[in-house]
Each structure stands twice: as structure tokens, then as C-alpha cells.
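*Asks:* Pasting final21.cif below, which is mmCIF, C-alpha atoms.
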data_structure
loop_
_atom_site.label_atom_id
_atom_site.label_comp_id
_atom_site.auth_asym_id
_atom_site.auth_seq_id
_atom_site.Cartn_x
_atom_site.Cartn_y
_atom_site.Cartn_z
CA MET A 1 95.46 -121.84 -122.46
CA PRO A 2 97.61 -124.96 -122.90
CA LEU A 3 99.16 -124.67 -119.44
CA ALA A 4 95.82 -124.27 -117.74
CA THR A 5 94.35 -127.13 -119.75
CA ALA A 6 97.24 -129.38 -118.85
CA LEU A 7 96.90 -128.45 -115.21
CA ILE A 8 93.18 -129.06 -115.27
CA ILE A 9 93.68 -132.47 -116.87
CA ALA A 10 96.38 -133.33 -114.34
CA ALA A 11 94.19 -132.22 -111.51
CA GLU A 12 91.21 -134.10 -112.76
CA GLY A 13 93.34 -137.20 -113.19
CA ALA A 14 94.41 -136.89 -109.60
CA GLU A 15 90.86 -136.28 -108.52
CA GLU A 16 89.67 -139.50 -110.11
CA ALA A 17 92.22 -141.54 -108.19
CA SER A 18 91.54 -139.65 -104.95
CA ASP A 19 91.27 -141.94 -101.96
CA VAL A 20 93.01 -139.62 -99.52
CA ASN A 21 91.55 -139.02 -96.10
CA PRO A 22 91.89 -135.35 -95.11
CA ILE A 23 92.09 -136.19 -91.39
CA LEU A 24 94.09 -139.39 -91.02
CA PRO A 25 97.87 -139.24 -91.39
CA ALA A 26 99.45 -140.88 -94.42
CA THR A 27 102.20 -143.42 -93.71
CA ASN A 28 104.67 -141.94 -96.18
CA GLU A 29 104.14 -138.43 -94.75
CA LEU A 30 104.69 -139.78 -91.22
CA PHE A 31 107.85 -141.49 -92.41
CA TYR A 32 109.29 -138.35 -93.99
CA ALA A 33 108.19 -136.16 -91.08
CA ALA A 34 110.06 -138.48 -88.72
CA VAL A 35 113.18 -138.77 -90.89
CA THR A 36 113.44 -135.04 -91.59
CA PHE A 37 112.71 -134.00 -88.02
CA PHE A 38 115.26 -136.41 -86.53
CA LEU A 39 117.78 -135.16 -89.10
CA LEU A 40 117.08 -131.54 -88.14
CA TRP A 41 117.25 -132.37 -84.43
CA ALA A 42 120.60 -134.12 -84.87
CA LEU A 43 121.98 -131.25 -86.93
CA MET A 44 120.79 -128.76 -84.35
CA LYS A 45 122.24 -130.73 -81.46
CA TRP A 46 125.63 -131.60 -82.89
CA VAL A 47 126.35 -129.26 -85.80
CA PHE A 48 124.51 -125.94 -85.75
CA LEU A 49 123.96 -124.91 -82.15
CA PRO A 50 127.29 -125.79 -80.42
CA PRO A 51 129.49 -123.31 -82.38
CA LEU A 52 126.85 -120.61 -82.21
CA GLN A 53 126.32 -121.07 -78.48
CA LYS A 54 130.08 -121.19 -77.98
CA VAL A 55 130.67 -117.89 -79.75
CA MET A 56 127.69 -116.33 -77.94
CA ALA A 57 129.09 -117.50 -74.61
CA GLU A 58 132.54 -116.17 -75.55
CA ARG A 59 131.03 -112.82 -76.41
CA ASP A 60 129.05 -112.77 -73.17
CA ASP A 61 132.24 -113.61 -71.27
CA LYS A 62 134.12 -110.87 -73.08
CA VAL A 63 131.38 -108.33 -72.42
CA ARG A 64 131.24 -109.43 -68.78
CA GLY A 65 135.05 -109.27 -68.57
CA ASP A 66 135.08 -105.82 -70.16
CA LEU A 67 132.39 -104.66 -67.78
CA ASP A 68 134.34 -106.07 -64.84
CA ALA A 69 137.52 -104.37 -66.10
CA ALA A 70 135.61 -101.13 -66.51
CA ASP A 71 134.23 -101.48 -62.98
CA HIS A 72 137.72 -102.24 -61.69
CA ALA A 73 139.17 -99.24 -63.56
CA ARG A 74 136.40 -97.03 -62.22
CA ALA A 75 137.03 -98.25 -58.68
CA GLU A 76 140.75 -97.57 -59.14
CA ALA A 77 140.01 -94.13 -60.52
CA GLU A 78 137.74 -93.46 -57.53
CA LEU A 79 140.50 -94.61 -55.22
CA ALA A 80 143.09 -92.44 -56.99
CA ARG A 81 140.73 -89.51 -56.85
CA ALA A 82 140.11 -90.05 -53.14
CA ARG A 83 143.86 -90.28 -52.63
CA TYR A 84 144.40 -87.13 -54.70
CA ASP A 85 141.67 -85.32 -52.78
CA GLU A 86 143.26 -86.40 -49.54
CA GLU A 87 146.70 -85.27 -50.69
CA LEU A 88 145.26 -82.04 -51.97
CA SER A 89 143.53 -81.28 -48.69
CA SER A 90 146.68 -82.22 -46.80
CA ALA A 91 148.75 -79.99 -49.10
CA ARG A 92 146.24 -77.21 -48.61
CA ALA A 93 146.42 -77.64 -44.84
CA GLU A 94 150.21 -77.66 -45.01
CA ALA A 95 150.23 -74.57 -47.20
CA SER A 96 147.80 -72.86 -44.86
CA ARG A 97 149.97 -73.83 -41.91
CA LEU A 98 153.08 -72.51 -43.66
CA VAL A 99 151.32 -69.28 -44.52
CA GLU A 100 150.14 -68.93 -40.91
CA ASP A 101 153.66 -69.62 -39.66
CA ALA A 102 155.13 -67.11 -42.07
CA ARG A 103 152.48 -64.61 -41.13
CA GLY A 104 153.25 -65.17 -37.42
CA ARG A 105 156.95 -64.83 -38.04
CA ALA A 106 156.41 -61.72 -40.12
CA GLU A 107 154.16 -60.29 -37.47
CA ALA A 108 156.75 -60.99 -34.80
CA LYS A 109 159.46 -59.51 -36.99
CA ARG A 110 157.33 -56.45 -37.66
CA ALA A 111 156.64 -56.01 -33.98
CA GLU A 112 160.31 -56.42 -33.27
CA ILE A 113 161.34 -53.93 -35.94
CA LEU A 114 158.64 -51.56 -34.80
CA ALA A 115 159.76 -51.82 -31.21
CA ALA A 116 163.38 -51.25 -32.21
CA ALA A 117 162.38 -48.28 -34.33
CA GLU A 118 160.29 -46.84 -31.56
CA ALA A 119 163.12 -47.34 -29.11
CA GLU A 120 165.52 -45.69 -31.51
CA ILE A 121 163.09 -42.88 -32.06
CA ALA A 122 162.67 -42.47 -28.32
CA GLU A 123 166.40 -42.50 -27.90
CA LEU A 124 166.89 -39.97 -30.66
CA ARG A 125 164.09 -37.90 -29.29
CA ALA A 126 165.66 -38.04 -25.82
CA ALA A 127 169.05 -37.12 -27.25
CA ALA A 128 167.50 -34.32 -29.24
CA ASN A 129 165.64 -33.07 -26.18
CA ALA A 130 168.80 -33.21 -24.16
CA GLU A 131 170.67 -31.38 -26.87
CA ILE A 132 167.91 -28.84 -27.13
CA ALA A 133 167.87 -28.38 -23.37
CA GLU A 134 171.62 -28.04 -23.34
CA ALA A 135 171.56 -25.57 -26.20
CA LYS A 136 168.76 -23.73 -24.50
CA ALA A 137 170.69 -23.57 -21.23
CA ALA A 138 173.79 -22.44 -23.06
CA ALA A 139 171.79 -19.86 -24.97
CA ILE A 140 170.21 -18.64 -21.78
CA THR A 141 173.57 -18.42 -20.08
CA GLU A 142 175.05 -16.67 -23.06
CA LEU A 143 172.05 -14.40 -23.23
CA ARG A 144 172.36 -13.60 -19.60
CA GLN A 145 176.00 -12.78 -19.98
CA SER A 146 175.33 -10.70 -23.03
CA VAL A 147 172.41 -8.86 -21.41
CA ALA A 148 174.48 -8.18 -18.29
CA SER A 149 177.40 -7.08 -20.28
CA ILE A 150 175.26 -4.82 -22.44
CA ALA A 151 173.47 -3.45 -19.39
CA VAL A 152 176.72 -2.78 -17.62
CA SER A 153 178.15 -1.13 -20.68
CA ALA A 154 175.05 0.92 -21.01
CA ALA A 155 175.09 1.87 -17.38
CA GLU A 156 178.74 2.78 -17.63
CA ALA A 157 178.01 4.91 -20.54
CA VAL A 158 175.21 6.57 -18.61
CA VAL A 159 177.14 7.13 -15.41
CA GLN A 160 180.42 7.75 -17.16
CA HIS A 161 182.44 5.62 -14.85
CA GLN A 162 183.30 2.09 -14.41
CA LEU A 163 180.93 0.16 -12.38
CA ASP A 164 181.75 -2.78 -10.29
CA ALA A 165 181.11 -5.31 -12.97
CA ALA A 166 180.91 -8.27 -10.59
CA ALA A 167 178.37 -6.57 -8.33
CA GLN A 168 176.33 -5.44 -11.29
CA GLN A 169 176.51 -8.85 -12.73
CA ARG A 170 174.96 -10.38 -9.64
CA VAL A 171 172.19 -7.71 -9.62
CA ILE A 172 171.39 -8.44 -13.22
CA GLU A 173 171.41 -12.12 -12.75
CA ASP A 174 169.17 -11.77 -9.80
CA TYR A 175 166.78 -9.70 -11.85
CA VAL A 176 166.87 -12.07 -14.74
CA ASN A 177 166.26 -15.01 -12.46
CA ARG A 178 163.30 -13.27 -10.92
CA SER A 179 162.00 -12.32 -14.29
CA ALA A 180 162.43 -15.91 -15.43
CA SER A 181 160.59 -17.15 -12.40
CA VAL A 182 157.80 -14.64 -13.05
CA ASN A 183 157.61 -15.74 -16.65
CA MET B 1 95.89 -131.18 -105.56
CA SER B 2 97.75 -127.97 -106.25
CA LEU B 3 96.01 -124.69 -105.63
CA LEU B 4 96.40 -123.40 -109.18
CA PRO B 5 94.72 -126.33 -110.98
CA THR B 6 92.01 -126.31 -108.33
CA LEU B 7 91.32 -122.67 -109.00
CA LEU B 8 91.43 -123.22 -112.75
CA ILE B 9 88.94 -126.09 -112.48
CA ALA B 10 86.72 -123.86 -110.40
CA ALA B 11 86.97 -121.12 -113.00
CA GLY B 12 86.80 -123.30 -116.03
CA GLU B 13 83.65 -125.24 -115.32
CA GLY B 14 81.31 -122.96 -117.22
CA GLY B 15 80.66 -120.21 -114.70
CA GLY B 16 79.20 -120.34 -111.23
CA LEU B 17 81.02 -121.11 -108.02
CA HIS B 18 82.52 -124.60 -107.99
CA TYR B 19 84.34 -125.20 -104.77
CA PRO B 20 86.77 -128.13 -104.76
CA SER B 21 86.33 -130.90 -102.23
CA ILE B 22 88.49 -131.03 -99.07
CA GLU B 23 90.18 -134.15 -100.48
CA ASP B 24 91.25 -132.14 -103.53
CA LEU B 25 92.80 -129.50 -101.31
CA VAL B 26 95.07 -131.85 -99.39
CA GLU B 27 95.89 -134.64 -101.80
CA TRP B 28 99.43 -134.66 -103.10
CA PRO B 29 100.35 -137.52 -105.40
CA GLY B 30 103.89 -138.75 -105.00
CA ILE B 31 106.38 -140.35 -107.35
CA PRO B 32 104.34 -142.83 -109.45
CA ALA B 33 106.96 -145.60 -109.16
CA TRP B 34 106.82 -145.42 -105.36
CA GLU B 35 103.05 -145.11 -105.12
CA GLY B 36 101.70 -146.80 -102.02
CA ALA B 37 105.14 -147.38 -100.50
CA PHE B 38 105.97 -145.94 -97.07
CA TYR B 39 108.73 -143.91 -98.72
CA ASP B 40 106.49 -142.41 -101.41
CA PHE B 41 107.83 -138.87 -101.81
CA ASN B 42 105.11 -136.24 -102.24
CA LYS B 43 104.83 -132.50 -101.77
CA ILE B 44 104.40 -132.78 -97.98
CA ALA B 45 107.62 -134.80 -97.73
CA PHE B 46 109.30 -132.23 -99.99
CA ILE B 47 108.18 -129.40 -97.67
CA ASN B 48 109.57 -131.33 -94.69
CA VAL B 49 112.89 -131.71 -96.49
CA LEU B 50 112.83 -128.01 -97.36
CA ALA B 51 112.19 -127.19 -93.69
CA VAL B 52 115.45 -128.95 -92.84
CA ILE B 53 117.32 -127.31 -95.72
CA LEU B 54 116.08 -123.79 -94.96
CA THR B 55 116.82 -124.12 -91.25
CA SER B 56 120.26 -125.49 -92.10
CA MET B 57 120.92 -122.58 -94.45
CA LEU B 58 120.18 -120.11 -91.68
CA PHE B 59 122.93 -121.68 -89.57
CA ILE B 60 125.32 -122.55 -92.41
CA PHE B 61 125.35 -118.92 -93.57
CA SER B 62 125.87 -117.72 -90.00
CA ASP B 63 129.55 -116.92 -89.67
CA THR B 64 130.61 -118.04 -86.19
CA LYS B 65 134.25 -116.98 -86.46
CA SER B 66 133.99 -113.41 -85.19
CA LEU B 67 132.49 -112.34 -81.90
CA VAL B 68 130.42 -109.67 -83.63
CA PRO B 69 127.35 -111.12 -85.41
CA ARG B 70 126.73 -110.18 -89.03
CA GLY B 71 124.10 -111.04 -91.63
CA PHE B 72 122.31 -114.34 -91.06
CA ARG B 73 123.98 -114.79 -87.68
CA ASN B 74 121.97 -111.89 -86.31
CA LEU B 75 118.80 -113.83 -87.12
CA ALA B 76 120.22 -117.13 -85.83
CA GLU B 77 121.38 -115.52 -82.57
CA MET B 78 118.07 -113.73 -82.17
CA ALA B 79 116.25 -117.05 -82.63
CA VAL B 80 118.53 -118.91 -80.19
CA ASP B 81 118.20 -116.09 -77.66
CA PHE B 82 114.43 -116.17 -78.07
CA PHE B 83 114.27 -119.94 -77.51
CA ASP B 84 116.69 -119.76 -74.61
CA LYS B 85 115.26 -116.80 -72.70
CA GLY B 86 111.76 -116.41 -74.12
CA ILE B 87 110.68 -120.05 -74.11
CA ILE B 88 113.02 -122.27 -72.06
CA GLY B 89 113.87 -119.64 -69.43
CA GLN B 90 110.18 -118.85 -68.91
CA THR B 91 108.88 -122.41 -68.82
CA ILE B 92 111.56 -124.94 -67.90
CA GLY B 93 113.92 -122.65 -65.99
CA HIS B 94 117.09 -123.98 -64.40
CA GLY B 95 118.45 -127.05 -66.20
CA GLY B 96 116.42 -126.41 -69.33
CA GLU B 97 119.34 -125.29 -71.52
CA LYS B 98 120.06 -128.83 -72.69
CA TYR B 99 116.61 -129.02 -74.31
CA LEU B 100 117.40 -126.08 -76.60
CA PRO B 101 118.14 -128.28 -79.66
CA PHE B 102 114.76 -130.03 -79.33
CA ILE B 103 112.78 -126.83 -78.80
CA ALA B 104 114.63 -125.02 -81.61
CA SER B 105 114.06 -127.96 -83.96
CA ILE B 106 110.36 -128.04 -83.09
CA PHE B 107 109.99 -124.33 -83.72
CA PHE B 108 111.85 -124.21 -87.04
CA PHE B 109 110.32 -127.43 -88.31
CA VAL B 110 106.76 -126.33 -87.52
CA PHE B 111 107.35 -122.80 -88.78
CA PHE B 112 108.69 -123.88 -92.15
CA ALA B 113 106.05 -126.60 -92.42
CA ASN B 114 103.46 -123.83 -91.91
CA ILE B 115 104.89 -120.97 -93.93
CA PHE B 116 104.71 -122.87 -97.24
CA GLU B 117 100.99 -122.05 -97.11
CA VAL B 118 101.82 -118.58 -98.44
CA ILE B 119 104.87 -119.34 -100.59
CA PRO B 120 104.05 -119.15 -104.31
CA LEU B 121 104.08 -122.44 -106.23
CA PHE B 122 103.63 -124.34 -102.95
CA HIS B 123 100.57 -122.86 -101.26
CA MET B 124 100.27 -125.82 -98.96
CA PRO B 125 101.37 -126.11 -95.34
CA ALA B 126 102.77 -129.52 -94.45
CA SER B 127 101.00 -129.10 -91.11
CA ALA B 128 97.62 -129.15 -92.87
CA ARG B 129 98.19 -132.89 -93.21
CA MET B 130 97.89 -134.79 -89.94
CA ALA B 131 101.21 -136.65 -90.28
CA THR B 132 103.58 -133.83 -89.27
CA PRO B 133 101.53 -132.51 -86.30
CA LEU B 134 100.77 -136.04 -85.08
CA PHE B 135 104.39 -137.12 -85.29
CA LEU B 136 105.56 -134.01 -83.43
CA GLY B 137 102.82 -134.39 -80.81
CA VAL B 138 103.68 -138.03 -80.14
CA LEU B 139 107.40 -137.24 -80.15
CA THR B 140 106.80 -134.49 -77.59
CA LEU B 141 104.89 -137.00 -75.44
CA VAL B 142 107.75 -139.51 -75.68
CA PHE B 143 110.26 -136.77 -74.95
CA PHE B 144 108.62 -135.36 -71.83
CA VAL B 145 107.83 -138.83 -70.48
CA ALA B 146 111.50 -139.74 -70.98
CA VAL B 147 112.56 -136.57 -69.17
CA GLY B 148 110.14 -137.40 -66.33
CA LEU B 149 111.42 -140.97 -66.05
CA LYS B 150 115.03 -139.80 -66.12
CA HIS B 151 114.57 -137.24 -63.34
CA GLN B 152 111.89 -138.87 -61.19
CA GLY B 153 112.20 -142.55 -62.05
CA PRO B 154 109.07 -144.73 -62.27
CA LYS B 155 107.49 -142.48 -59.66
CA TYR B 156 106.96 -140.00 -62.50
CA PHE B 157 103.74 -141.76 -63.56
CA PHE B 158 102.47 -141.71 -59.98
CA ASN B 159 103.35 -138.01 -59.57
CA ALA B 160 101.70 -137.20 -62.88
CA CYS B 161 98.44 -138.98 -62.02
CA PHE B 162 98.27 -138.19 -58.30
CA PRO B 163 98.91 -134.48 -57.82
CA PRO B 164 99.58 -133.47 -54.19
CA GLY B 165 97.06 -131.55 -52.11
CA VAL B 166 93.98 -133.42 -53.34
CA PRO B 167 91.73 -135.18 -50.77
CA LYS B 168 92.34 -138.92 -51.05
CA PRO B 169 88.81 -139.97 -52.11
CA LEU B 170 88.97 -137.49 -54.97
CA TYR B 171 91.91 -139.39 -56.48
CA LEU B 172 89.35 -141.85 -57.82
CA LEU B 173 88.20 -139.07 -60.08
CA VAL B 174 91.39 -137.02 -60.44
CA ALA B 175 93.83 -139.82 -61.28
CA PRO B 176 92.08 -140.99 -64.49
CA ILE B 177 91.53 -137.38 -65.55
CA GLU B 178 95.18 -136.53 -64.95
CA PHE B 179 96.27 -139.64 -66.82
CA LEU B 180 94.10 -138.81 -69.81
CA SER B 181 95.06 -135.15 -69.66
CA THR B 182 98.81 -135.79 -69.50
CA PHE B 183 99.33 -138.78 -71.73
CA ILE B 184 96.46 -138.66 -74.20
CA VAL B 185 95.09 -135.13 -74.44
CA ARG B 186 98.45 -133.35 -74.48
CA PRO B 187 99.85 -134.92 -77.67
CA PHE B 188 96.39 -135.02 -79.22
CA SER B 189 95.76 -131.33 -78.49
CA LEU B 190 99.22 -130.37 -79.75
CA ALA B 191 98.63 -132.23 -83.00
CA VAL B 192 95.03 -131.20 -83.56
CA ARG B 193 95.60 -127.54 -82.71
CA LEU B 194 98.36 -127.25 -85.29
CA PHE B 195 96.63 -129.38 -87.90
CA ALA B 196 93.23 -127.70 -87.56
CA ASN B 197 94.64 -124.17 -87.61
CA LEU B 198 96.69 -124.76 -90.73
CA LEU B 199 93.99 -126.75 -92.54
CA ALA B 200 91.45 -124.05 -91.74
CA GLY B 201 93.83 -121.37 -93.03
CA HIS B 202 94.47 -123.38 -96.18
CA ILE B 203 90.74 -123.81 -96.78
CA LEU B 204 90.12 -120.10 -96.21
CA ILE B 205 92.83 -119.07 -98.66
CA VAL B 206 91.47 -121.51 -101.26
CA THR B 207 87.95 -120.20 -100.60
CA PHE B 208 88.88 -116.59 -101.24
CA GLY B 209 91.06 -117.67 -104.18
CA VAL B 210 88.18 -119.57 -105.76
CA LEU B 211 85.83 -116.69 -105.05
CA SER B 212 88.21 -114.15 -106.58
CA ILE B 213 88.81 -116.14 -109.75
CA THR B 214 85.10 -116.91 -110.11
CA LEU B 215 84.22 -113.25 -109.73
CA PHE B 216 86.90 -112.36 -112.26
CA THR B 217 85.27 -114.53 -114.91
CA ALA B 218 81.69 -113.61 -114.04
CA SER B 219 81.58 -110.05 -115.31
CA ALA B 220 78.34 -109.06 -113.64
CA LEU B 221 79.80 -109.68 -110.20
CA VAL B 222 83.21 -108.15 -110.89
CA LEU B 223 82.39 -105.25 -108.58
CA ILE B 224 82.63 -107.61 -105.60
CA LEU B 225 86.03 -108.91 -106.76
CA PRO B 226 88.12 -106.23 -104.93
CA PHE B 227 86.56 -107.22 -101.59
CA SER B 228 87.20 -110.89 -102.18
CA PHE B 229 90.75 -110.20 -103.34
CA LEU B 230 91.34 -107.94 -100.35
CA MET B 231 90.22 -110.75 -98.07
CA LEU B 232 92.55 -113.12 -99.92
CA CYS B 233 95.48 -110.74 -99.32
CA ALA B 234 94.46 -110.28 -95.69
CA MET B 235 94.26 -114.06 -95.24
CA VAL B 236 97.78 -114.44 -96.64
CA GLY B 237 99.03 -111.93 -94.04
CA PHE B 238 97.01 -113.66 -91.36
CA GLU B 239 98.46 -117.05 -92.31
CA ILE B 240 102.00 -115.68 -92.02
CA MET B 241 101.13 -114.63 -88.47
CA VAL B 242 99.46 -117.99 -87.78
CA SER B 243 102.53 -119.83 -89.08
CA PHE B 244 104.74 -118.09 -86.56
CA LEU B 245 102.20 -118.19 -83.76
CA GLN B 246 101.48 -121.92 -84.09
CA ALA B 247 105.19 -122.72 -84.16
CA TYR B 248 105.64 -120.61 -81.03
CA VAL B 249 102.63 -122.21 -79.30
CA PHE B 250 103.83 -125.73 -80.14
CA ALA B 251 107.36 -124.98 -78.92
CA ILE B 252 106.26 -123.26 -75.71
CA LEU B 253 103.78 -126.04 -74.85
CA ALA B 254 106.43 -128.68 -75.48
CA ALA B 255 108.72 -126.71 -73.15
CA VAL B 256 105.97 -126.42 -70.52
CA TYR B 257 105.41 -130.20 -70.62
CA ILE B 258 109.15 -130.87 -70.38
CA GLY B 259 109.42 -128.38 -67.50
CA GLY B 260 106.55 -130.16 -65.71
CA ALA B 261 108.32 -133.48 -66.06
CA LEU B 262 111.66 -131.98 -64.99
CA HIS B 263 110.39 -130.04 -61.97
CA PRO B 264 107.31 -131.89 -60.62
CA GLU B 265 107.11 -129.52 -57.65
CA HIS B 266 106.08 -126.72 -60.06
#
Any chance you could put this one into C-alpha cells?
*Replies:*
Amino acid sequence: MPLATALIIAAEGAEEASDVNPILPATNELFYAAVTFFLLWALMKWVFLPPLQKVMAERDDKVRGDLDAADHARAEAELARARYDEELSSARAEASRLVEDARGRAEAKRAEILAAAEAEIAELRAAANAEIAEAKAAAITELRQSVASIAVSAAEAVVQHQLDAAAQQRVIEDYVNRSASVN
Amino acid sequence: MSLLPTLLIAAGEGGGLHYPSIEDLVEWPGIPAWEGAFYDFNKIAFINVLAVILTSMLFIFSDTKSLVPRGFRNLAEMAVDFFDKGIIGQTIGHGGEKYLPFIASIFFFVFFANIFEVIPLFHMPASARMATPLFLGVLTLVFFVAVGLKHQGPKYFFNACFPPGVPKPLYLLVAPIEFLSTFIVRPFSLAVRLFANLLAGHILIVTFGVLSITLFTASALVLILPFSFLMLCAMVGFEIMVSFLQAYVFAILAAVYIGGALHPEH
């Protein structure tokens, strides 16, 4: 074990010259602790931390800016949505109003057309009734004349001589009128 | 003395458990030509230099051109965020941002000085020597006193020693206690807490290392070796946690002291 032997010899050599105090600080160690720490402090203060803090601050600003922009965009979207909702409800109200108007107008038109039709029907019905009554009266008159004429003819045939047609006509008409009144 | 030769000495001295002395565990000879000089460069100094280099690498490899962090910058940003919000925001509060470089330096310096306890070929925390903790403790004292003087003027010493709301006769007792507590105990406790924790961890790791290697050579006791080795592994994990925790504790206490000097009303 040449390495181990060498290390043992080296260690023993150091041990012989040992005058180190395990508690008290050594001057050279204090010196290097001070030098190295001040160096690290200076590097930290002027070299290492400023660019890192700068980029961290920039990133924080960017994140904050992005968040603000997102908030702003969300607020705008909310506003646009509120405006849209408002317009939509107004359009709906307008449409509803238009539909109601149209319905009212249609209703009025329907009533008007219906009234006109009913009037026309009533007029036609009245005309038809008048025509029917006229036809009926004509038919009755014609019937009366025919019946009288037939009766007279029949009577003439029975009695074999001419009757006074005018007098017979009156008798017949009187009979028919009485019959009509009875019926 | 390095851990490996120490363990080999322990194993090589003809069986039995030979535990190295505490001096052997913490002695690091420097460059022979500079021996005794204040600039003698030993392993502790090397670890301090490495702490600067490793911290620098974290930031040098952090690309700060794009807004989106990638690679090392994730770690660097996480660390900065942690110092800013987790330490400074919680202790100093408003106006504490300008102390970020100091707090970050404290944390990284202490962490790397600690973590070399578990790094192969090093196995020695620089904080297990009193120089680094003592320097940082005294520097913290100087720093928070300077902050107090800057923001409160000379009245800072009066405010520190005479807290409001105490009955006047009690100041005879309270003022000396507050003085000792603020200007003597604070740096001392910062330094000793870090030093003692790391030295204790170092000793424990060496203990289980020596035990493991001794049991490995003594065949009759080899059955106990797995337990000792398991403890050694557990201690390495524990020391990683301690390295981080002590750095955090040092940084947060420094921030608390600075916050106290900055906002005396708190």
C-alpha cells in the first residue's frame, strides 16, 4: 500500500509539527475568509445580482402588464357583452312590438274583411230573399190565374156555356185568398 | 490532517480503536514557503476560495438575456427569491431589499464553507475552524451597527441598551444585559453556533469513519460494521442538512439583527 504508507507518513509528519489550536482562529484563515468574503460580497453587489434582479423585475412587470391587459380585455369583453345583451333585449322588444303591431293590424284587417263579407252576405241574402219573395208572389199570382182559368174552363165544360169570366175570377180569387188566410 | 490519512493511521496501528486527536482533525498545513505568514494558503483558505468560485459559477452560468429562466438561472432565481421573500421580507421588511447582496453572500459563503464536509477528497468544512464563523459574526456585528448608526444616528446605542417600556430603576440591570446581548453575545453566538455545529459534525463523521475502518480490519467484529457504516452514511446525509440549515440560520439571524437596527420600533 504505497499510497496509504505515503499518506500515513505525511500525516504523521504533520502530527509531529502540530501546534494548532482547535478553538482559536488562525490568522491566515481569518485573512482568507475576509478577502474571499469581501470579494464575493462585491461580486454579488455589483456583478451578479443587478442583471438577475433586473431581468426578474422585467419579467414581473411583463407578467403584471399582461395580467392588466387581460383584465382590461376582460372588462372590455364584459362591456361589449352587456352592450350586446342590451341591444339584443332592445331588438327583441322592438321585434315583439312589431309583431304586436302587425298582429293588431291583421286583426283589424280581418275584422274589417269579416264585417265587409258579412255585410255583403247580408246584402246578398236580402237580395235573394227579395228575389225569392218576388218570385213567390209572381208564382202565386200566376198560380192563381192558372187555377182560376182552369176552374173556369172546367166549369164551362161542366155547364156547357160561357161563364162570366170576370165574375168567376173574383169568386175564385176570393176563395183562394180565404184559403190562403186559413193556411 | 486529511480524513483519509487519519483513518489509515487509525487502521494501520496494529488493531484496536485509535481515535485521532482533535488537533489532527482540524490541522491543515499550508504552503511550506509561506508557513507562519498571514497569507499562508491552506485547505481552509482553498475552501473559502472555492466558495467564491462555486457561487460565481452559479451566476455566471445563469443566462440573463431571456425573460424565461433556464438551467442554472432557475436555481439562481429560486435562491434570490428565497433570500428576498423568505428571509429579508420576513425579517427586515420594507427597505430591506438593499441588503440582499450581503444576506445572499452570507448564505452562499457559509453554505459552501459547510458543504465541503461531505465532498470527497475534502471532507472538511471551513466553518469547523473558528476563523470563518468568527469573521462573519464580527462582520455582521459591524454591519448591523453601521445600519443602526446610519438610520438612527448615535441614538442607536441608547435605543439598543435602553428598550422602551421598562421601569426606570430596572435600566440599571437591563442596560448592561442589553449591551452584552446586542454587541457581544450576538456575534459570539453566531460564530460559536456555526463553528460548534460543523466541528461536531466533522468529529462525528470521523468517529464513524474510524469505527467503520477499524471494524473492517478486525474480523471478529465485522458483524457490527454495517451498523457503523450505516451511521456514517446517515451522518453524511445529516451534515448536508446541517450545512444548509446553518447557512439559513446565520443568514436569517443576520437579517433579524439588521432589521432590528433598521426599524427600532419593532
*Asks:* As a check of understanding, name the residues that the PyMOL selection byres ((chain B) within 8 of (chain A)) selects in the supplied structure, as a PyMOL selection string.
*Replies:* chain B and resi 1-2+4-6+8-9+22-24+26-27+29+37-42+44-45+48-49+52+56+59-60+64-68+77+101-102+104-105+109+129-132+134-135
*Asks:* Got a sec to resolve the PyMOL selection byres ((chain A and resi 168) around 12) on this structure and send the residues as a list in words?
*Replies:*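 With the PyMOL selection byres ((chain A and resi 168) around 12) on this model, the match is Gln145, Val147, Ala148, Ser149, Ile150, Ala151, Val152, Ser153, Ala154, Ala155, Glu156, Gln162, Leu163, Asp164, Ala165, Ala166, Ala167, Gln169, Arg170, Val171, Ile172, Glu173, Asp174 and Tyr175 of chain A.
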*Asks:* Could you name the residues that touch segment 145-161 of chain B at 7 Å or less, counting only C-alpha atoms, but leaving out those on the same chain fewer than 5 positions away, as a short mmCIF file (atom, residue, chain, number, x, y, z; two decimals) with C-alpha atoms, keeping the file's coordinate frame?
*Replies:*
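The resulting file, selection.cif, is shown below:
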data_model
loop_
_atom_site.label_atom_id
_atom_site.label_comp_id
_atom_site.auth_asym_id
_atom_site.auth_seq_id
_atom_site.Cartn_x
_atom_site.Cartn_y
_atom_site.Cartn_z
CA ALA B 175 93.83 -139.82 -61.28
CA GLU B 178 95.18 -136.53 -64.95
CA PHE B 179 96.27 -139.64 -66.82
CA ILE B 258 109.15 -130.87 -70.38
CA ALA B 261 108.32 -133.48 -66.06
CA LEU B 262 111.66 -131.98 -64.99
#
*Asks:* For atom CA of Gly95 of chain B and atom CA of Tyr257 of chain B, quote the distance in Å rounded to one decimal.
*Replies:*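 Interatomic distance here is 14.1 Å.
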*Asks:* One number please: atom CA of Arg70 of chain B to atom CA of Asp61 of chain A, in Å, one decimal.
*Replies:*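 We find that atom CA of Arg70 of chain B and atom CA of Asp61 of chain A lie 18.9 Å from each other.
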*Asks:* Rounded to one decimal, what separation in Å do you get between atom CA of Phe244 of chain B and atom CA of Ile115 of chain B?
*Replies:*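 Separation between atom CA of Phe244 of chain B and atom CA of Ile115 of chain B: 7.9 Å.
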*Asks:* Show me, as a CSV table (one decimal) with C-alpha atoms, in the frame of the given file, the residues that have an atom within 12 Å of segment 124-140 of chain A when counting all atoms listed in the file, minus same-chain residues fewer than 6 positions from it.
*Replies:*
chain,number,residue,atom,x,y,z
A,116,ALA,CA,163.4,-51.2,-32.2
A,117,ALA,CA,162.4,-48.3,-34.3
A,118,GLU,CA,160.3,-46.8,-31.6
A,146,SER,CA,175.3,-10.7,-23.0
A,147,VAL,CA,172.4,-8.9,-21.4
A,148,ALA,CA,174.5,-8.2,-18.3
A,173,GLU,CA,171.4,-12.1,-12.8
A,176,VAL,CA,166.9,-12.1,-14.7
A,177,ASN,CA,166.3,-15.0,-12.5
A,180,ALA,CA,162.4,-15.9,-15.4
*Asks:* Using only C-alpha atoms, pick whichever of B:Tyr99, B:Phe107, B:Phe229, B:Phe83 has the shortest atom-to-atom distance to Val210 of chain B.
*Replies:*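 The shortest atom-to-atom distance to Val210 of chain B comes from B:Phe229.
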*Asks:* For the structure provided, state which residues fall under the PyMOL selection byres ((chain B and resi 233) around 12), and present them as a list in words.
*Replies:* Val118, Leu204, Ile205, Val206, Phe208, Gly209, Ser212, Pro226, Phe227, Ser228, Phe229, Leu230, Met231, Leu232, Ala234, Met235, Val236, Gly237, Phe238, Glu239 and Ile240 of chain B
*Asks:* If the box runs along x, y and z of the file and leaves 3 Å on each side of segment 226-233 of chain B, what are its centre and edge lengths in Å, one decimal, as lines of an AutoDock Vina configuration file?
*Replies:*
center_x = 91.0
center_y = -109.7
center_z = -101.5
size_x = 14.9
size_y = 12.9
size_z = 12.9
*Asks:* Given all atoms listed in the file as the basis, pick out the residue of B:Leu199, B:Ile87, B:Ile213, B:Leu141 nearest to Ser181 of chain B.
*Replies:*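 Closest residue, counting all atoms listed in the file: B:Leu141.
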